[in-house]
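K.L.:
Next up, protein.txt (compact mmCIF, C-alpha atoms).
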# COMPACT_ATOMS: atom_id res chain seq x y z
CA ASP A 1 0.91 3.84 13.56
CA ILE A 2 -0.56 4.35 10.12
CA ALA A 3 -3.27 2.01 8.87
CA PHE A 4 -3.14 1.25 5.16
CA VAL A 5 -6.28 -0.31 3.69
CA LEU A 6 -6.25 -2.22 0.38
CA ASP A 7 -9.50 -2.69 -1.54
CA ALA A 8 -9.14 -4.69 -4.75
CA SER A 9 -11.92 -5.96 -6.98
CA ALA A 10 -11.90 -9.22 -8.91
CA GLY A 11 -10.03 -8.14 -12.04
CA GLY A 12 -11.05 -10.88 -14.42
CA SER A 13 -10.01 -14.39 -15.39
CA GLY A 14 -6.36 -14.90 -14.48
CA ILE A 15 -5.80 -11.32 -13.22
CA THR A 16 -3.77 -10.90 -10.02
CA TYR A 17 -2.64 -7.80 -8.13
CA ALA A 18 0.62 -7.51 -6.17
CA VAL A 19 0.49 -4.36 -4.03
CA LYS A 20 3.26 -2.98 -1.81
CA LEU A 21 4.17 0.27 -0.09
CA THR A 22 7.33 2.13 -1.07
CA GLU A 23 9.06 5.13 0.52
CA SER A 24 11.47 7.95 -0.32
CA ASP A 25 13.16 10.87 1.41
CA THR A 26 12.20 13.23 -1.44
CA SER A 27 9.22 13.65 -3.74
CA GLY A 28 10.13 12.00 -7.04
CA GLY A 29 13.26 10.47 -5.49
CA THR A 30 14.29 6.84 -5.45
CA TYR A 31 11.62 4.71 -3.77
CA THR A 32 12.42 1.54 -1.82
CA ASP A 33 10.15 -1.09 -0.31
CA VAL A 34 8.68 -0.43 3.14
CA THR A 35 9.57 -3.19 5.60
CA GLY A 36 6.34 -5.08 6.33
CA GLY A 37 4.56 -3.07 3.62
CA ALA A 38 3.50 -5.82 1.21
CA PHE A 39 -0.13 -6.86 0.93
CA THR A 40 -1.15 -10.43 0.09
CA THR A 41 -1.07 -11.01 -3.67
CA THR A 42 -4.62 -11.64 -4.84
CA ASP A 43 -5.67 -14.97 -6.29
CA ALA A 44 -6.84 -14.89 -9.89
CA ASN A 45 -10.20 -13.14 -10.32
CA THR A 46 -10.62 -12.71 -6.55
CA ALA A 47 -11.51 -9.56 -4.59
CA LEU A 48 -9.45 -8.69 -1.51
CA GLN A 49 -9.71 -6.28 1.41
CA GLU A 50 -6.72 -6.15 3.74
CA LYS A 51 -5.19 -3.82 6.37
CA LEU A 52 -1.54 -3.21 7.23
CA PHE A 53 -0.27 -1.23 10.21
CA VAL A 54 3.11 0.50 9.94
CA ASN A 55 4.92 2.51 12.62
CA SER A 56 5.19 6.05 11.27
CA ASN A 57 8.52 6.50 13.08
CA ASP A 58 10.00 3.88 10.75
CA LEU A 59 8.84 5.59 7.53
CA LYS A 60 10.46 8.14 5.28
CA ARG A 61 8.56 11.32 4.37
CA TYR A 62 7.03 10.18 1.06
CA ILE A 63 4.99 6.97 0.74
CA LYS A 64 3.29 5.51 -2.31
CA ALA A 65 1.59 2.27 -3.27
CA SER A 66 3.07 0.21 -6.09
CA VAL A 67 0.63 -2.08 -7.94
CA THR A 68 1.71 -4.84 -10.32
CA VAL A 69 -1.08 -6.35 -12.44
CA ALA A 70 -0.38 -9.77 -13.96
CA GLY A 71 -2.24 -12.46 -15.86
CA GLY A 72 -3.63 -10.70 -18.91
CA THR A 73 -6.25 -8.05 -19.44
CA GLY A 74 -9.45 -7.39 -17.56
CA THR A 75 -11.36 -4.78 -15.66
CA GLY A 76 -11.23 -3.95 -12.01
CA PHE A 77 -9.92 -1.49 -9.48
CA VAL A 78 -7.36 -1.25 -6.70
CA SER A 79 -7.27 1.43 -4.03
CA VAL A 80 -4.96 1.93 -1.06
CA THR A 81 -5.92 4.42 1.64
CA GLY A 82 -3.62 5.54 4.47
CA LEU A 83 -5.18 6.66 7.76
CA ALA A 84 -3.09 8.39 10.42
CA SER A 85 -3.24 11.06 13.09
CA LYS A 86 -0.68 13.27 14.80
CA LYS A 87 1.25 11.55 17.55
CA TYR A 88 2.06 14.57 19.68
CA GLY A 89 0.23 17.83 20.36
CA ASN A 90 -0.62 20.36 17.70
What's the structure tokens form of this structure?
P.N.:
Amino acid sequence: DIAFVLDASAGGSGITYAVKLTESDTSGGTYTDVTGGAFTTTDANTALQEKLFVNSNDLKRYIKASVTVAGGTGTGFVSVTGLASKKYGN
């Protein structure tokens, strides 16, 4: 499994973040949504920390996080970190 950790700050009045994982067979190729790879959309001006666990056998080679910011302008940050280890041997 791969653990993906979302850390989002409160972005400002009315600001929400919708964050999801996407995958592709090639770098720069067409990315599609990862099954079970959507984080909870944040409430307006609310911080969120959340973890998702995805089976690496079900993923394509290239993974990225897609962030949609809605609700106006503000300041804040969003980070997604993936943590994994080899499954078999060296």
K.L.:
I'd like the neighbourhood of Gly12 in chain A as a list of chain:residue names, where a residue qualifies if any of its atoms comes within 8 Å (using all atoms listed in the file), though same-chain residues fewer than 6 positions away should be ignored.
P.N.:
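That gives A:Ala44, A:Asn45, A:Thr73, A:Gly74, A:Thr75, A:Gly76.
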K.L.:
Find the residues near Asp7 in chain A: any atom within 9 Å, counting all atoms listed in the file, skip ones fewer than 5 places away on the same chain, and give them as number ranges by chain.
P.N.:
A: 47-50, 77-81
K.L.:
Can you tell me how far CA of Ala70 in chain A sits from CA of Thr42 in chain A, in Å to one decimal?
P.N.:
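For CA of Ala70 in chain A relative to CA of Thr42 in chain A, the distance reads 10.2 Å.
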K.L.:
Pick out the closest residue to Ala38 in chain A from this set: A:Lys60, A:Ser66, A:Thr16, A:Asn55. Count all atoms listed in the file.
P.N.:
A:Ser66
K.L.:
Determine, counting only C-alpha atoms, which protein, DNA and RNA residues have an atom within 12 Å of an atom of Gly36 in chain A; residues of the same chain fewer than 6 positions away are not included. Present the result as a ChimeraX atom specification.
P.N.:
/A:4,19-22,51-55,58-59
K.L.:
Kindly give the distance, in Å, that separates CA of Asp43 in chain A and CA of Ala8 in chain A, rounded to a single decimal.
P.N.:
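So the two atoms, CA of Asp43 in chain A and CA of Ala8 in chain A, lie 11.0 Å apart.
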K.L.:
Would you kindly return, as a list in words, each protein, DNA or RNA residue with an atom no farther than 12 Å from any atom of Ser24 in chain A, considering all atoms listed in the file and excluding same-chain residues fewer than 5 positions away?
P.N.:
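Listing them by chain and then by number gives Gly29, Thr30, Tyr31, Thr32, Asp33, Val34, Asp58, Leu59, Lys60, Arg61, Tyr62, Ile63, Lys64 and Ala65 of chain A.
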